[in-house]
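J.: First, the structure itself, so that you have it in front of you.
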Amino acid sequence: MKKGSATIDVTGLPEFAFGNRGLMWWGVVGFLAIETTMLVTCFASYFYLRDRATDWPPPPTLLPDLLIPTVNLGLLLLSVVPIHLVSRAARRLDKRRALIWMTVGITMGIAFVAIRALEFRALNVSWDTNAYGSIVWLIIGVHTFHLASEVVETIVITLILAKGHTEPKYFVDLTDNALYWYFIVAIWIPCYVIVFLAPRFL
Amino acid sequence: MKPEEQSAGVIEEEETAEAPEAEREVREGDLPEDEERRLLDKTWGDKPGFRGWLASTNHKSIGKRFIITAFIFFLLGGILAVLMRIQLARPENTFLGPDLYNQIFTMHGTTMMFLFAVPVMEAFAIYLVPLMVGTRNIAFPRMVAFSYWIYLAGGVMLFVFFILNTGPDVGWFNYVPLSGPEFSPGKRINVWTQLVNFTEVSALGVAVAIITTIFKQRAPGLSLHRLPVFVWAMLVMSFMVVFAMPAVTMSSVLLTLDRLVGTHFFNPAEGGDPLLWQHLFWFFGHPEVYIILIPALGYIASIIQTFSRRKVFGYTALVLSMLSIGFISFGLWVHHMFTTGLPQLGSSFFSAASMMIAIPSGTQIFCWIATLWSGRPLFRSPLLFAIGFFFTFIMGGLSGVMVASASADLQLHDTFFVVAHFHYVLIGGAVFPLFAAFHYWFPKFTGRMLNEGLGKLTFWLMFTGFNLTFFPMHQLGLEGMPRRVYTYLPEMGWGNLNLLATTGGVVLTLGVLTFIVNALSSRRRGARAGDNPWGADTLDWGTTSPPPSYNFLRLPVVQGREALWARTEDAPFVEGLRSDCREVLITKTLDAEPDNKMVLPSPSLWPLVMALAVTATLIGVIFTPWALPAGMIPAAIALIGWGWPKRRDERCERKRVEEMSSEERRKEAARAQ
């Protein structure tokens with residue numbers, strides 16, 4: 001083939017890139033958009049049902065407890081620190097630090113999932129008691145599903161790295177995974193406010 | 001196949017066995033052209049045999065499968081429609097009983113909306129978008145493969161349950177309380193809710209892949225303001241899928257929970273509300289109509305431009321109209337609920353929004369009329385279908401303006417007038433453009449031309465048949481015939497118009513059959529198409545027909561909005577991508593400047609294994625909630641197998657971090673920020 005006048009040679013371009021320069025970031029953001037929409041749908045349903053009730057929660061259902069959920073919220077917010085440090089280490093291609101902070105992050109994630117089990121009890125209502133019970137269980141359930149899958153996902157990519165697959169693209173995966181973790185934490189704040197604070201203060 | 005018994009070694013064996021020992025990198029331009037084409041095909045093509053077919057991650061293989069599968073569902077949905085028309089041909093007909101009739105109209109709507117319309121539009125995007133933006137494969141090809149399998153599994157499941165007399169039977173929008181546990185015991189509705197989950201998972205996965213491909217994998221020079229209208233349409237559609245489909249997924253989850261574990265979302269006795277279903281469903285359901293329409297507008301734009309033989313008139317207006325249709329369509333859903341007793345203000349707001357969407361729709365039509373008017377139109381079969389679309393869609397739009405008025409809607413709600421309206425919109429707005437697209441891109445898909453005479457015959461049969469079928473339904477609706485009744489009394493006087501509609505249905509069917517005959521015979525014996533039989537402008541026509549597995553020998557560099565028309569004699573191209581690896585060029589989002597390179601994943605059976613695991617879970621959930629936790633284990637195993645690094649792919653990666661000096665590591669990291 002005859003060479004063109006202004007052929008673009010891409011031989012020297014980087015073969016991996018962090019953030020929105022890479023493909024995976026866009027995939028993660030796409031799924032964040034989908035999952036945010038799902039949770040927002042749950043929130044909208046919550047307020048729709050609440051709007052139709054005279055008392056919320058409908059008696060004799062008790063208000064949810066605050067202590068354990070609030071402690072757990074603090075723990076989840078705190079987990080952002082190790083995950084941010086993972087992200088920073090990954091961007092410097094520093095395997096040792098990335099693995100250390102991943103382990104810390106995963107430990108906090110597992111602790112959080114374990115405490116989550118108690119949080120369901122703190123609701124003081126079952127999913128089949130009334131529509132109020134159904135919707136609060138749904139919100140926490142959907143979030144827990146995402147949280148648990150994110151913890152498993154984080155364990156898997158940590159294992160990949162620990163097993164010696166240390167090509168730079170796996171470091172990019174760490175930063176994209178961190179983005180998903182931030183999402184899980186951030187979206188929990190409105191979930192917490194709606195499920196635990198709204199019936200009390202709103 | 002039990003996924004947990006499939007070890008990674010068995011599945012990847014074929015690939016590792018083939019891994020070449022040669023460490024030398026081969027880049028574009030290193031080899032003579034024919035040798036390079038062979039190498040590229042080895043890199044990008046499907047592996048041989050049935051297993052290679054199952055493992056394919058090539059966007060053209062998957063796109064073709066998707067299109068053919070969706071077309072088969074279109075035929076099945078069509079057969080169901082014919083059965084309904086036979087039943088209604090005369091009063092007090094006994095061809096179908098009421099229970100079977102209920103299942104059939106529900107199956108017809110469900111099939112056409114969930115298994116045909118959206119998937120076929122996405123299928124065209126899977127095949128054409130990577131070609132049009134000038135890349136070698138779609139982003140996330142394994143996810144796209146998974147989306148195909150899960151879609152196929154959902155469709156097969158629906159029809160198997162239907163054959164077992166467990167087809168859903170309360171209409172395609174599945175209103176509670178009729179679909180709730182109290183009034184629909186049994187498993188029919190659970191089948192419907194699970195089908196929705198299958199198709200939405202599929203649609204969402206594909207949408208993310210399309211958005212990413214369009215934003216990051218465009219050929220150099222293809223900045224956003226040069227993007228073909230077709231690609232804009234697919235982009236808008238994908239965004240709409242991302243924001244609309246989660247609502248229907250959630251609503252079907254809520255209904256499943258109500259039916260399976262005793263929640264009370266829709267149970268007014270315990271504080272639930274049936275209207276919540278309608279809000280959630282139509283928040284998806286109305287954008288859905290535009291999710292189907294917007295890609296169709298993309299086909300029309302390509303076809304009008306090619307056959308008018310001039311640049312499309314009002315590119316900016318067309319793109320902005322599409323974007324605004326995308327936005328406004330999310331503010332219309334309540335117009336499906338005018339008869340539910342909304343506050344006056346709500347009705348007025350949604351009435352106004354429903355009428356507002358006529359403005360961008362009208363803008364588009366005027367742009368196309370201007371294009372045709374000032375061009376030298378060539379009336380080949382794709383253009384005939386496009387003009388059929390104008391006529392039919394405008395008719396549907398006019399009856400749409402009527403039902404958008406809340407007061408008129410109170411009268412017309414749930415009558416055959418509405419049936420006529422949405423068939424004018426959907427067949428006019430989606431099926432005619434789709435047949436235009438079939439006739440237009442058939443040469444690209446197969447390398448052969450369709451027979452033009454048969455193509456024109458198809459158009460006239462379908463156009464006449466369609467209007468004969470659906471025009472009388474306007475009148476039937478005005479005369480008060482309700483939709484979804486399995487029969488009517490002779491004294492109602494609806495017999496003649498119904499007979500006319502059934503006759504029209506026969507003509508429409510003949511049209512579709514003509515197309516099938518044409519496609520099957522032309523596939524083998526049609527005239528050779530060559531690269532660009534229509535003299536079109538988009539990059540998909542800048543490669544062979546059918547395109548090679550790697551799409552382009554050299555990635556093109558785009559010099560103008562009409563890529564091929566603007567191409568100069570000594571057009572530049574991209575050089576330096578690896579030919580022995582699945583390397584794609586990543587460019588900047590706005591101006592498509594080359595930015596970095598990435599290796600796409602290889603073919604794999606894991607997406608299929610994952611789809612089987614998810615299928616088993618979703619079908620299990622029809623019967624017991626425990627299927628969900630149980631199914632998560634094989635699904636997690638499949639997902640790990642899917643993502644676990646493969647030796648063959650790593651051959652194409654840069655060296656490991658441990659092998660770099662700290663200086664080198666700093667430099668590499670800095671370049672990647």
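By convention in this document, the chains of the structure tokens carry letters A, B, ... by their order, each chain's residues are numbered from 1, and ligands are numbered from 1 in the order they are shown.
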Using only C-alpha atoms, find the residues of chain B whose closest atom to chain A is at most 7 Å away, then write them as number ranges by chain.
T.: B: 208, 212, 216, 242-243, 246-247, 250, 262-265, 270-272, 570-577, 595-598, 653-657, 665-666, 669, 671-673
J.: Grab the residues selected above and save them as a compact mmCIF listing (two decimals), in the first residue's frame with N, CA and C atoms.
T.:
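What follows is the written file result18.txt:
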```txt
# COMPACT_ATOMS: atom_id res chain seq x y z
N VAL B 208 -23.50 0.12 27.20
CA VAL B 208 -22.23 0.61 27.75
C VAL B 208 -21.10 0.39 26.72
N THR B 212 -18.85 3.44 24.98
CA THR B 212 -17.39 3.46 25.10
C THR B 212 -16.72 3.42 23.73
N LYS B 216 -14.29 6.47 22.69
CA LYS B 216 -12.85 6.26 22.83
C LYS B 216 -12.16 5.59 21.64
N VAL B 242 -29.37 3.37 29.15
CA VAL B 242 -28.73 3.39 30.47
C VAL B 242 -29.65 4.02 31.52
N PHE B 243 -30.40 5.05 31.12
CA PHE B 243 -31.22 5.73 32.13
C PHE B 243 -32.67 5.27 32.18
N PRO B 246 -33.08 0.68 33.77
CA PRO B 246 -33.06 0.30 35.18
C PRO B 246 -34.44 0.40 35.84
N ALA B 247 -35.29 1.33 35.36
CA ALA B 247 -36.60 1.48 35.99
C ALA B 247 -37.45 0.23 35.77
N MET B 250 -36.09 -2.57 37.91
CA MET B 250 -36.53 -2.44 39.30
C MET B 250 -37.99 -2.82 39.44
N GLY B 262 -43.63 -12.19 49.42
CA GLY B 262 -44.65 -11.54 50.22
C GLY B 262 -44.38 -10.10 50.60
N THR B 263 -43.61 -9.35 49.79
CA THR B 263 -43.51 -7.92 50.04
C THR B 263 -44.83 -7.25 49.61
N HIS B 264 -44.96 -5.95 49.91
CA HIS B 264 -46.26 -5.28 49.69
C HIS B 264 -46.15 -4.03 48.83
N PHE B 265 -45.20 -4.00 47.90
CA PHE B 265 -45.02 -2.77 47.12
C PHE B 265 -46.31 -2.34 46.42
N GLU B 270 -51.66 -3.08 52.58
CA GLU B 270 -50.53 -2.92 53.51
C GLU B 270 -49.70 -1.68 53.18
N GLY B 271 -50.32 -0.69 52.56
CA GLY B 271 -49.62 0.56 52.31
C GLY B 271 -48.93 0.64 50.95
N GLY B 272 -49.06 -0.39 50.14
CA GLY B 272 -48.50 -0.34 48.79
C GLY B 272 -49.44 0.39 47.85
N ASP B 570 -4.31 10.95 -1.79
CA ASP B 570 -3.21 10.46 -0.94
C ASP B 570 -3.59 10.51 0.54
N ALA B 571 -4.78 9.98 0.83
CA ALA B 571 -5.30 10.07 2.20
C ALA B 571 -4.33 9.41 3.18
N PRO B 572 -4.10 10.03 4.33
CA PRO B 572 -3.24 9.43 5.34
C PRO B 572 -3.94 8.26 6.02
N PHE B 573 -3.15 7.41 6.63
CA PHE B 573 -3.74 6.35 7.44
C PHE B 573 -2.87 6.15 8.67
N VAL B 574 -3.36 5.25 9.56
CA VAL B 574 -2.64 5.03 10.82
C VAL B 574 -1.62 3.92 10.62
N GLU B 575 -0.45 4.08 11.19
CA GLU B 575 0.57 3.07 11.07
C GLU B 575 1.12 2.78 12.46
N GLY B 576 1.54 1.53 12.69
CA GLY B 576 2.23 1.21 13.93
C GLY B 576 1.42 0.44 14.95
N LEU B 577 0.15 0.07 14.64
CA LEU B 577 -0.58 -0.82 15.54
C LEU B 577 -0.04 -2.23 15.34
N ASP B 595 -4.32 8.74 21.39
CA ASP B 595 -3.93 8.96 22.77
C ASP B 595 -3.14 7.78 23.33
N ASN B 596 -3.69 6.58 23.24
CA ASN B 596 -2.95 5.41 23.70
C ASN B 596 -3.48 4.18 22.99
N LYS B 597 -2.95 3.00 23.35
CA LYS B 597 -3.34 1.77 22.69
C LYS B 597 -3.75 0.77 23.74
N MET B 598 -4.68 -0.11 23.37
CA MET B 598 -5.09 -1.10 24.35
C MET B 598 -5.29 -2.43 23.65
N GLU B 653 1.07 -7.68 26.26
CA GLU B 653 1.18 -6.57 27.21
C GLU B 653 2.62 -6.10 27.32
N ARG B 654 2.79 -4.96 27.94
CA ARG B 654 4.14 -4.50 28.23
C ARG B 654 4.74 -5.35 29.33
N LYS B 655 6.02 -5.17 29.58
CA LYS B 655 6.64 -6.02 30.59
C LYS B 655 6.08 -5.73 31.97
N ARG B 656 6.33 -6.72 32.85
CA ARG B 656 5.80 -6.61 34.20
C ARG B 656 6.53 -5.51 34.96
N VAL B 657 5.82 -5.02 35.98
CA VAL B 657 6.36 -3.90 36.74
C VAL B 657 7.69 -4.27 37.40
N ARG B 665 9.94 2.86 35.56
CA ARG B 665 8.60 2.81 36.13
C ARG B 665 8.02 4.22 36.26
N ARG B 666 8.89 5.15 36.73
CA ARG B 666 8.42 6.52 36.87
C ARG B 666 8.00 7.10 35.53
N ALA B 669 4.74 5.47 34.28
CA ALA B 669 3.59 5.94 35.05
C ALA B 669 3.24 7.37 34.65
N ARG B 671 3.65 8.85 31.81
CA ARG B 671 3.00 8.89 30.50
C ARG B 671 1.54 8.44 30.55
N ALA B 672 1.20 7.68 31.59
CA ALA B 672 -0.14 7.08 31.63
C ALA B 672 -1.13 7.89 32.46
N GLN B 673 -0.70 8.99 33.07
CA GLN B 673 -1.63 9.73 33.94
C GLN B 673 -2.67 10.47 33.10
```
J.: Check the smallest atom-to-atom distance from each of B:Ile633, B:Phe623, B:Glu36, B:Leu254 to Lys187 (chain B) using only C-alpha atoms, then report the winner.
T.: B:Phe623
J.: List the neighbours of region 80-88 of chain A out to 6 Å using only C-alpha atoms; skip same-chain residues closer than 4 positions along the sequence, and give me the result as a list in words.
T.: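 The residues satisfying every condition are Ala98, Trp101, Gly105, Thr175 and Ala178 of chain A.
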J.: Tell me, as a ChimeraX atom specification, which residues lie within 8 Å of Leu260 (chain B), counting only C-alpha atoms; anything in the same chain fewer than 2 positions away does not count.
T.: /B:256-258,262,624-625
J.: With N, CA and C atoms kept, could you save the residues just selected as a compact mmCIF listing (two decimals), in the first residue's frame?
T.:
```
# COMPACT_ATOMS: atom_id res chain seq x y z
N THR B 256 -41.61 -9.30 41.31
CA THR B 256 -41.15 -10.64 41.65
C THR B 256 -41.16 -10.82 43.16
N LEU B 257 -40.68 -9.79 43.89
CA LEU B 257 -40.65 -9.90 45.35
C LEU B 257 -42.07 -10.01 45.91
N ASP B 258 -42.98 -9.18 45.39
CA ASP B 258 -44.37 -9.26 45.84
C ASP B 258 -44.93 -10.67 45.64
N GLY B 262 -43.63 -12.19 49.42
CA GLY B 262 -44.65 -11.54 50.22
C GLY B 262 -44.38 -10.10 50.60
N THR B 624 -38.37 -20.40 42.98
CA THR B 624 -38.01 -20.23 44.39
C THR B 624 -37.01 -19.10 44.56
N PRO B 625 -37.18 -18.31 45.63
CA PRO B 625 -36.20 -17.22 45.85
C PRO B 625 -34.81 -17.76 46.15
```
J.: Write out as a count of residues only the residues lying within 6 Å of region 408-417 of chain B, counting only C-alpha atoms and excluding same-chain residues fewer than 4 positions away.
T.: 8
J.: Per DSSP on the backbone, what are the helix (DSSP H, G or I) residues of region 241-460 of chain B, as a PyMOL selection string?
T.: chain B and resi 241-260+268-270+274-308+315-331+333-336+338-340+344-356+358-374+381-404+406-412+416-446+452-460
J.: Env of region 289-305 of chain B: 9 Å cut, atoms = only C-alpha atoms, seq-sep filter 4 positions within chain, self excluded. Answer as a ChimeraX atom specification.
T.: /B:113,117-118,121-122,124-125,228-238,240-241,285,309-313,318,322,325-326,329,364,368,371-372,375,377,382-383,386,389,425-426,429-434,436-437,440,536-538
J.: Give me the residues near Leu499 (chain B) as JSON, numbers by chain, where near means some atom within 12 Å (using only C-alpha atoms) and where sequence neighbours in that chain fewer than 5 positions away do not count.
T.: {"B": [84, 85, 86, 87, 88, 89, 90, 91, 93, 468, 469, 470, 472, 473, 476, 493, 494, 504, 505, 506]}
J.: Once you have the residues from the selection above, write them out as a PDB file, in the first residue's frame, restricted to C-alpha atoms.
T.:
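Once everything was written out, this is result-v2.pdb:
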```pdb
ATOM      1  CA  MET B  84     -55.056 -12.686  16.449  1.00  0.00           C
ATOM      2  CA  ARG B  85     -56.186 -11.223  13.127  1.00  0.00           C
ATOM      3  CA  ILE B  86     -57.696 -14.578  12.116  1.00  0.00           C
ATOM      4  CA  GLN B  87     -59.581 -14.723  15.398  1.00  0.00           C
ATOM      5  CA  LEU B  88     -60.949 -11.193  14.958  1.00  0.00           C
ATOM      6  CA  ALA B  89     -61.815 -11.547  11.259  1.00  0.00           C
ATOM      7  CA  ARG B  90     -65.433 -12.181  12.039  1.00  0.00           C
ATOM      8  CA  PRO B  91     -67.711 -11.751  15.064  1.00  0.00           C
ATOM      9  CA  ASN B  93     -65.161 -16.511  16.048  1.00  0.00           C
ATOM     10  CA  LEU B 468     -55.026  -1.873   5.094  1.00  0.00           C
ATOM     11  CA  THR B 469     -54.473  -3.547   8.457  1.00  0.00           C
ATOM     12  CA  PHE B 470     -54.147  -0.584  10.711  1.00  0.00           C
ATOM     13  CA  PRO B 472     -59.450   0.730   9.749  1.00  0.00           C
ATOM     14  CA  MET B 473     -58.515   0.336  13.406  1.00  0.00           C
ATOM     15  CA  LEU B 476     -62.983   0.781  14.973  1.00  0.00           C
ATOM     16  CA  GLY B 493     -71.169  -3.702  13.291  1.00  0.00           C
ATOM     17  CA  TRP B 494     -67.386  -4.092  13.529  1.00  0.00           C
ATOM     18  CA  GLY B 504     -54.395  -6.333   5.127  1.00  0.00           C
ATOM     19  CA  GLY B 505     -52.542  -8.565   7.559  1.00  0.00           C
ATOM     20  CA  VAL B 506     -52.299 -11.238   4.872  1.00  0.00           C
TER      21      VAL B 506
END
```
J.: Please report the interatomic distance between CA of Gly530 (chain B) and CA of Glu33 (chain B) in Å with one decimal.
T.: 19.4 Å
